[in-house]
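Colleague: Just so it is clear, I am handing over input14.csv, which has CSV, C-alpha atoms.
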```csv
chain,number,residue,atom,x,y,z
A,11,MET,CA,103.6,67.1,120.9
A,12,LYS,CA,106.2,69.6,119.9
A,13,LEU,CA,108.0,69.5,116.6
A,14,PRO,CA,111.8,68.9,116.9
A,15,THR,CA,113.8,72.1,116.7
A,16,HIS,CA,115.2,71.3,113.2
A,17,LEU,CA,111.6,71.0,111.8
A,18,ARG,CA,110.3,74.2,113.2
A,19,PRO,CA,110.2,77.2,110.8
A,20,SER,CA,112.8,79.8,111.5
A,21,LEU,CA,111.9,83.4,112.3
A,22,LEU,CA,113.2,84.3,108.8
A,23,THR,CA,110.9,81.8,107.2
A,24,ARG,CA,107.9,83.1,109.1
A,25,LEU,CA,108.7,86.7,108.2
A,26,VAL,CA,109.2,85.9,104.6
A,27,THR,CA,105.8,84.1,104.6
A,28,PHE,CA,104.1,87.0,106.3
A,29,TYR,CA,105.5,89.6,103.9
A,30,SER,CA,104.7,87.4,100.9
A,31,ILE,CA,101.0,87.3,102.0
A,32,VAL,CA,101.0,91.1,102.5
A,33,VAL,CA,102.6,91.7,99.0
A,34,LEU,CA,100.1,89.3,97.4
A,35,ALA,CA,97.2,91.1,99.1
A,36,LEU,CA,98.5,94.5,97.8
A,37,MET,CA,98.9,93.1,94.3
A,38,LEU,CA,95.4,91.7,94.3
A,39,SER,CA,93.9,95.0,95.5
A,40,ALA,CA,95.7,96.8,92.7
A,41,ILE,CA,94.4,94.3,90.1
A,42,PHE,CA,90.9,93.8,91.5
A,43,PRO,CA,90.1,97.0,93.5
A,44,SER,CA,86.3,96.1,93.6
A,45,ALA,CA,87.1,93.0,95.5
A,46,ILE,CA,88.8,95.0,98.2
A,47,PHE,CA,86.3,97.9,98.1
A,48,ALA,CA,82.8,96.7,98.8
A,49,GLN,CA,80.9,99.8,98.0
A,50,ASP,CA,79.0,100.3,101.2
A,51,ALA,CA,77.9,103.8,102.2
A,52,GLY,CA,80.8,105.6,103.7
A,53,THR,CA,83.5,103.6,101.9
A,54,GLU,CA,86.3,105.9,100.9
A,55,LEU,CA,87.4,105.4,97.3
A,56,ILE,CA,90.2,108.0,97.1
A,57,LEU,CA,93.6,106.7,98.2
A,58,ASN,CA,95.6,109.5,100.0
A,59,GLY,CA,92.9,112.1,99.8
A,60,THR,CA,94.4,113.6,102.9
A,61,MET,CA,97.7,114.1,101.1
A,62,GLU,CA,99.6,112.7,104.0
A,63,LEU,CA,101.7,110.4,101.7
A,64,PRO,CA,103.6,111.3,98.6
A,65,GLY,CA,102.3,109.9,95.3
A,66,GLU,CA,98.8,108.7,94.4
A,67,TRP,CA,98.1,111.9,92.3
A,68,GLU,CA,99.1,112.1,88.6
A,69,ALA,CA,99.6,115.0,86.3
A,70,ALA,CA,97.7,114.5,83.0
A,71,ASN,CA,96.3,116.3,80.0
A,72,VAL,CA,93.2,115.9,77.9
A,73,GLY,CA,93.7,117.2,74.3
A,74,GLY,CA,97.4,118.2,74.3
A,75,PRO,CA,100.8,117.6,75.6
A,76,THR,CA,100.8,120.3,78.4
A,77,LYS,CA,100.6,118.9,81.9
A,78,PRO,CA,100.5,120.9,85.2
A,79,ARG,CA,103.9,122.4,86.0
A,80,ILE,CA,103.7,121.5,89.7
A,81,VAL,CA,101.9,118.6,91.4
A,82,GLU,CA,103.5,118.1,94.8
A,83,VAL,CA,102.6,117.3,98.4
A,84,VAL,CA,103.5,120.2,100.6
A,85,GLY,CA,103.3,121.1,104.3
A,86,ASP,CA,103.2,124.9,104.2
A,87,GLN,CA,99.5,125.2,103.3
A,88,LYS,CA,97.0,122.6,104.6
A,89,HIS,CA,93.5,122.3,105.7
A,90,GLY,CA,93.8,119.2,107.9
A,91,GLY,CA,96.6,117.0,108.8
A,92,GLU,CA,100.2,117.9,107.9
A,93,ASN,CA,100.0,118.3,104.1
A,94,SER,CA,98.0,119.4,101.0
A,95,LEU,CA,98.5,119.0,97.3
A,96,HIS,CA,99.9,122.0,95.5
A,97,ILE,CA,99.0,122.3,91.8
A,98,VAL,CA,100.2,124.9,89.3
A,99,SER,CA,99.2,124.7,85.7
A,100,GLU,CA,98.9,126.9,82.6
A,101,ARG,CA,97.2,126.1,79.3
A,102,GLU,CA,99.6,126.7,76.4
A,103,ASN,CA,96.9,126.4,73.7
A,104,PRO,CA,93.1,126.2,73.6
A,105,THR,CA,93.0,122.5,73.1
A,106,ASP,CA,95.1,121.8,76.2
A,107,PHE,CA,93.4,120.8,79.4
A,108,PRO,CA,96.2,120.1,82.0
A,109,GLN,CA,94.7,118.3,85.0
A,110,VAL,CA,95.6,116.2,88.1
A,111,THR,CA,93.9,112.9,88.6
A,112,SER,CA,93.5,110.4,91.4
A,113,ARG,CA,94.3,106.8,91.0
A,114,GLN,CA,91.6,104.7,89.4
A,115,PHE,CA,88.8,103.3,91.6
A,116,PRO,CA,85.6,101.3,90.9
A,117,THR,CA,82.1,102.7,90.6
A,118,GLU,CA,78.7,101.0,90.2
A,119,THR,CA,76.1,102.1,87.6
A,120,GLY,CA,73.1,103.7,89.3
A,121,THR,CA,74.9,104.4,92.5
A,122,ARG,CA,75.0,108.0,93.9
A,123,TYR,CA,78.4,109.3,95.0
A,124,LYS,CA,79.3,112.2,97.3
A,125,ILE,CA,82.5,114.1,96.3
A,126,SER,CA,84.0,116.6,98.7
A,127,PHE,CA,87.3,118.4,99.2
A,128,TRP,CA,88.8,121.6,100.7
A,129,TYR,CA,90.6,124.0,98.4
A,130,LYS,CA,92.4,127.3,98.5
A,131,ILE,CA,93.0,129.0,95.1
A,132,LEU,CA,95.7,131.6,94.8
A,133,GLN,CA,95.3,132.4,91.2
A,134,GLY,CA,93.0,131.5,88.2
A,135,GLY,CA,90.1,129.1,88.2
A,136,PHE,CA,89.6,125.4,88.4
A,137,GLY,CA,87.1,122.9,87.1
A,138,VAL,CA,86.3,119.5,88.7
A,139,ASN,CA,85.3,116.3,87.0
A,140,MET,CA,84.8,112.7,87.5
A,141,ARG,CA,86.0,110.2,84.9
A,142,ASN,CA,83.3,107.6,84.9
A,143,GLY,CA,84.0,104.0,85.8
A,144,ALA,CA,83.8,102.7,82.3
A,145,ASP,CA,86.6,105.2,81.5
A,146,ASN,CA,84.8,106.6,78.5
A,147,ASP,CA,83.4,110.0,79.6
A,148,TYR,CA,83.7,112.9,82.0
A,149,VAL,CA,81.1,114.1,84.4
A,150,GLN,CA,81.4,117.8,85.0
A,151,LEU,CA,81.0,118.5,88.7
A,152,THR,CA,81.4,122.3,88.7
A,153,SER,CA,78.8,124.4,86.8
A,154,THR,CA,81.1,127.4,87.1
A,155,PRO,CA,84.9,127.4,87.7
A,156,LEU,CA,86.1,127.6,91.3
A,157,ARG,CA,87.8,131.0,91.7
A,158,GLU,CA,90.4,132.6,93.9
A,159,THR,CA,89.8,132.4,97.7
A,160,ASP,CA,91.1,134.2,100.7
A,161,SER,CA,90.9,131.0,102.9
A,162,TRP,CA,90.1,127.3,102.7
A,163,GLU,CA,86.7,126.6,101.3
A,164,LEU,CA,84.7,123.3,101.1
A,165,PHE,CA,83.3,121.9,97.9
A,166,GLU,CA,80.6,119.3,98.0
A,167,VAL,CA,78.5,117.7,95.3
A,168,GLU,CA,76.7,114.5,94.5
A,169,TYR,CA,76.3,112.7,91.2
A,170,GLU,CA,74.8,109.4,89.9
A,171,GLU,CA,77.2,107.1,88.0
A,172,LYS,CA,75.7,106.3,84.6
A,173,ASP,CA,78.4,103.9,83.4
A,174,GLY,CA,80.3,102.2,86.2
A,175,GLY,CA,83.4,100.1,86.1
A,176,GLU,CA,87.0,99.9,87.4
A,177,GLY,CA,88.3,103.1,85.7
A,178,ALA,CA,86.8,106.0,87.6
A,179,ARG,CA,89.0,109.0,88.6
A,180,PHE,CA,88.6,112.3,90.4
A,181,THR,CA,90.1,115.1,88.2
A,182,ILE,CA,90.8,118.8,88.7
A,183,GLY,CA,92.3,121.2,86.2
A,184,GLY,CA,93.0,124.8,85.6
A,185,ILE,CA,90.4,126.7,83.5
A,186,GLY,CA,91.0,129.6,81.1
A,187,ASP,CA,94.2,131.2,80.0
A,188,GLY,CA,97.0,132.1,82.3
A,189,LEU,CA,98.5,130.6,85.4
A,190,CYS,CA,96.3,128.7,87.8
A,191,GLU,CA,97.4,127.8,91.3
A,192,ILE,CA,95.6,125.8,94.0
A,193,TYR,CA,96.0,123.9,97.2
A,194,LEU,CA,93.8,120.8,97.5
A,195,ASP,CA,93.2,118.8,100.7
A,196,ASP,CA,90.9,116.1,102.2
A,197,VAL,CA,89.5,114.8,98.9
A,198,SER,CA,86.8,112.3,99.3
A,199,VAL,CA,84.6,110.2,97.0
A,200,GLN,CA,82.1,107.9,98.8
A,201,PRO,CA,79.0,105.9,97.6
A,202,ILE,CA,75.7,107.0,99.1
A,203,ARG,CA,73.2,104.3,99.8
```
The structure given in the file should be rewritten as structure tokens.
Modeller:
Amino acid sequence: MKLPTHLRPSLLTRLVTFYSIVVLALMLSAIFPSAIFAQDAGTELILNGTMELPGEWEAANVGGPTKPRIVEVVGDQKHGGENSLHIVSERENPTDFPQVTSRQFPTETGTRYKISFWYKILQGGFGVNMRNGADNDYVQLTSTPLRETDSWELFEVEYEEKDGGEGARFTIGGIGDGLCEIYLDDVSVQPIR
């Protein structure tokens, strides 16, 4: 039995319902990322690590007011795809640590994670850290600063999360005095099982 025409939902009503469900799902994923990201091996935790979309990366500072001068998605230098993230920073005093961070993502205590990315450094040096999931400590991933390169190079490392939670971040920042300039692409953080 068909519903009479006047009782059938209009196309507009069906579209509004569909988009409302999509918006609700996006809001829930922002509030409860661990519900969306079941941490199976190979699950990508970095949003926009390929740098194909604007946004998702934030200029920040630990210890002072100075943030990186430039944090922008560009197409003139890239490892894969169409874009990379261009970062230019300079420490203005010894207590400044300008850095760029990913959006927060969840980690689990005791789980090992593989971090990888491609980089091309034009000037200066850079250090790489993970902010742990409990958002109370940094895990230094580079034992020595990454230095100037002639071409794109791959960085890979594994670490075990000691204090998991919803507040983990990938961070990269200039090291030492003077101008630091890097292109960053294909950033990945994945649990290893």
Colleague: For stretch 78-89 of chain A, please output as an mmCIF file with C-alpha atoms, in the coordinates of the input all residues within 7 Å (counting only C-alpha atoms; exclusion window: fewer than 3 positions along the same chain).
Modeller:
```cif
data_model
loop_
_atom_site.group_PDB
_atom_site.id
_atom_site.type_symbol
_atom_site.label_atom_id
_atom_site.label_comp_id
_atom_site.auth_asym_id
_atom_site.auth_seq_id
_atom_site.Cartn_x
_atom_site.Cartn_y
_atom_site.Cartn_z
ATOM 1 C CA MET A 61 97.700 114.100 101.100
ATOM 2 C CA PRO A 64 103.600 111.300 98.600
ATOM 3 C CA ALA A 69 99.600 115.000 86.300
ATOM 4 C CA GLU A 92 100.200 117.900 107.900
ATOM 5 C CA ASN A 93 100.000 118.300 104.100
ATOM 6 C CA SER A 94 98.000 119.400 101.000
ATOM 7 C CA LEU A 95 98.500 119.000 97.300
ATOM 8 C CA HIS A 96 99.900 122.000 95.500
ATOM 9 C CA ILE A 97 99.000 122.300 91.800
ATOM 10 C CA VAL A 98 100.200 124.900 89.300
ATOM 11 C CA SER A 99 99.200 124.700 85.700
ATOM 12 C CA GLU A 100 98.900 126.900 82.600
ATOM 13 C CA PRO A 108 96.200 120.100 82.000
ATOM 14 C CA GLN A 109 94.700 118.300 85.000
ATOM 15 C CA TRP A 128 88.800 121.600 100.700
ATOM 16 C CA TRP A 162 90.100 127.300 102.700
ATOM 17 C CA ASP A 195 93.200 118.800 100.700
#
```
Colleague: Write out as a list of chain:residue names the residues lying within 9 Å of A:Val199, counting all atoms listed in the file and excluding same-chain residues fewer than 5 positions away.
Modeller: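 So the residues in contact are A:Gly52, A:Thr53, A:Glu54, A:Leu55, A:Ile56, A:Gly59, A:Tyr123, A:Lys124, A:Ile125, A:Ser126, A:Phe127, A:Phe180.
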Colleague: Go through A:Asp196, A:Glu166, A:Glu118, A:Glu158 and flag the residue nearest A:Ala178, using all atoms listed in the file for the distances.
Modeller: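 Smallest distance to A:Ala178 is found for A:Glu118.
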Colleague: Neighbouring residues of A:Arg122 were defined as those with any atom within 10 Å, considering all atoms listed in the file; residues of the same chain fewer than 5 positions away were excluded. Please report them as a list in words.
Modeller: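 Close residues of A:Arg122: Ala51, Thr117, Glu168, Tyr169, Glu170, Glu171, Lys172, Gln200, Pro201, Ile202 and Arg203 of chain A.
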Colleague: Please return as an MDAnalysis selection string every residue within 12 Å of (88.4, 103.5, 80.2), taking into account all atoms listed in the file and the file's own coordinates.
Modeller: chainID A and resid 114:116 141:148 173:179
Colleague: What's the separation between atom CA of A:Phe136 and atom CA of A:Thr119, in Å to one decimal place?
Modeller: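 Between atom CA of A:Phe136 and atom CA of A:Thr119 the gap is 26.9 Å.
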Colleague: Rebuild stretch 100-111 of chain A so that it carries all heavy atoms, then output the result as a compact mmCIF listing (two decimals), in the frame of the given file.
Modeller:
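The resulting file, out-v1.txt, is reproduced below:
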```
# COMPACT_ATOMS: atom_id res chain seq x y z
N GLU A 100 99.15 125.82 83.56
CA GLU A 100 98.90 126.90 82.60
C GLU A 100 98.63 126.25 81.25
O GLU A 100 99.40 125.41 80.79
CB GLU A 100 100.09 127.83 82.51
CG GLU A 100 99.85 129.01 81.61
CD GLU A 100 101.00 130.02 81.66
OE1 GLU A 100 102.08 129.68 82.18
OE2 GLU A 100 100.79 131.13 81.18
N ARG A 101 97.53 126.65 80.63
CA ARG A 101 97.20 126.10 79.30
C ARG A 101 98.10 126.86 78.27
O ARG A 101 98.19 128.08 78.27
CB ARG A 101 95.76 126.40 78.95
CG ARG A 101 94.82 125.52 79.72
CD ARG A 101 93.39 125.87 79.50
NE ARG A 101 92.99 125.61 78.11
CZ ARG A 101 91.80 125.92 77.64
NH1 ARG A 101 90.90 126.48 78.41
NH2 ARG A 101 91.50 125.66 76.38
N GLU A 102 98.74 126.09 77.42
CA GLU A 102 99.60 126.70 76.40
C GLU A 102 98.88 126.89 75.08
O GLU A 102 99.33 127.65 74.24
CB GLU A 102 100.85 125.84 76.23
CG GLU A 102 101.72 125.88 77.47
CD GLU A 102 103.02 125.13 77.32
OE1 GLU A 102 103.34 124.66 76.21
OE2 GLU A 102 103.73 125.02 78.34
N ASN A 103 97.75 126.20 74.88
CA ASN A 103 96.90 126.40 73.70
C ASN A 103 95.48 126.03 74.05
O ASN A 103 95.25 125.31 75.02
CB ASN A 103 97.46 125.74 72.45
CG ASN A 103 97.40 124.24 72.55
OD1 ASN A 103 96.33 123.66 72.68
ND2 ASN A 103 98.55 123.58 72.50
N PRO A 104 94.50 126.47 73.26
CA PRO A 104 93.10 126.20 73.60
C PRO A 104 92.66 124.79 73.68
O PRO A 104 91.64 124.48 74.29
CB PRO A 104 92.33 126.96 72.49
CG PRO A 104 93.30 127.90 71.88
CD PRO A 104 94.65 127.32 72.09
N THR A 105 93.42 123.88 73.06
CA THR A 105 93.00 122.50 73.10
C THR A 105 93.67 121.72 74.26
O THR A 105 93.40 120.53 74.45
CB THR A 105 93.40 121.76 71.78
OG1 THR A 105 94.81 121.84 71.59
CG2 THR A 105 92.66 122.39 70.61
N ASP A 106 94.51 122.38 75.04
CA ASP A 106 95.10 121.80 76.20
C ASP A 106 94.24 121.86 77.43
O ASP A 106 93.68 122.92 77.70
CB ASP A 106 96.46 122.46 76.56
CG ASP A 106 97.62 121.98 75.73
OD1 ASP A 106 97.45 121.02 74.97
OD2 ASP A 106 98.70 122.58 75.84
N PHE A 107 94.13 120.79 78.17
CA PHE A 107 93.40 120.80 79.40
C PHE A 107 94.26 120.08 80.48
O PHE A 107 93.98 118.92 80.84
CB PHE A 107 92.04 120.14 79.28
CG PHE A 107 91.14 120.89 78.36
CD1 PHE A 107 91.01 120.51 77.04
CD2 PHE A 107 90.46 122.00 78.79
CE1 PHE A 107 90.19 121.21 76.17
CE2 PHE A 107 89.65 122.73 77.93
CZ PHE A 107 89.51 122.32 76.61
N PRO A 108 95.32 120.75 80.98
CA PRO A 108 96.20 120.10 82.00
C PRO A 108 95.33 119.85 83.26
O PRO A 108 94.55 120.70 83.68
CB PRO A 108 97.27 121.11 82.25
CG PRO A 108 96.83 122.39 81.67
CD PRO A 108 95.76 122.10 80.69
N GLN A 109 95.51 118.67 83.83
CA GLN A 109 94.70 118.30 85.00
C GLN A 109 95.54 117.39 85.91
O GLN A 109 96.58 116.88 85.53
CB GLN A 109 93.44 117.63 84.58
CG GLN A 109 93.64 116.34 83.82
CD GLN A 109 92.33 115.72 83.35
OE1 GLN A 109 91.26 116.21 83.66
NE2 GLN A 109 92.42 114.65 82.60
N VAL A 110 95.01 117.19 87.09
CA VAL A 110 95.60 116.20 88.10
C VAL A 110 94.48 115.23 88.34
O VAL A 110 93.32 115.59 88.54
CB VAL A 110 96.02 116.96 89.34
CG1 VAL A 110 96.46 115.97 90.39
CG2 VAL A 110 97.15 117.94 89.02
N THR A 111 94.86 113.95 88.35
CA THR A 111 93.90 112.90 88.60
C THR A 111 94.29 112.02 89.75
O THR A 111 95.47 111.85 90.05
CB THR A 111 93.71 111.99 87.33
OG1 THR A 111 94.88 111.20 87.17
CG2 THR A 111 93.48 112.81 86.08
```
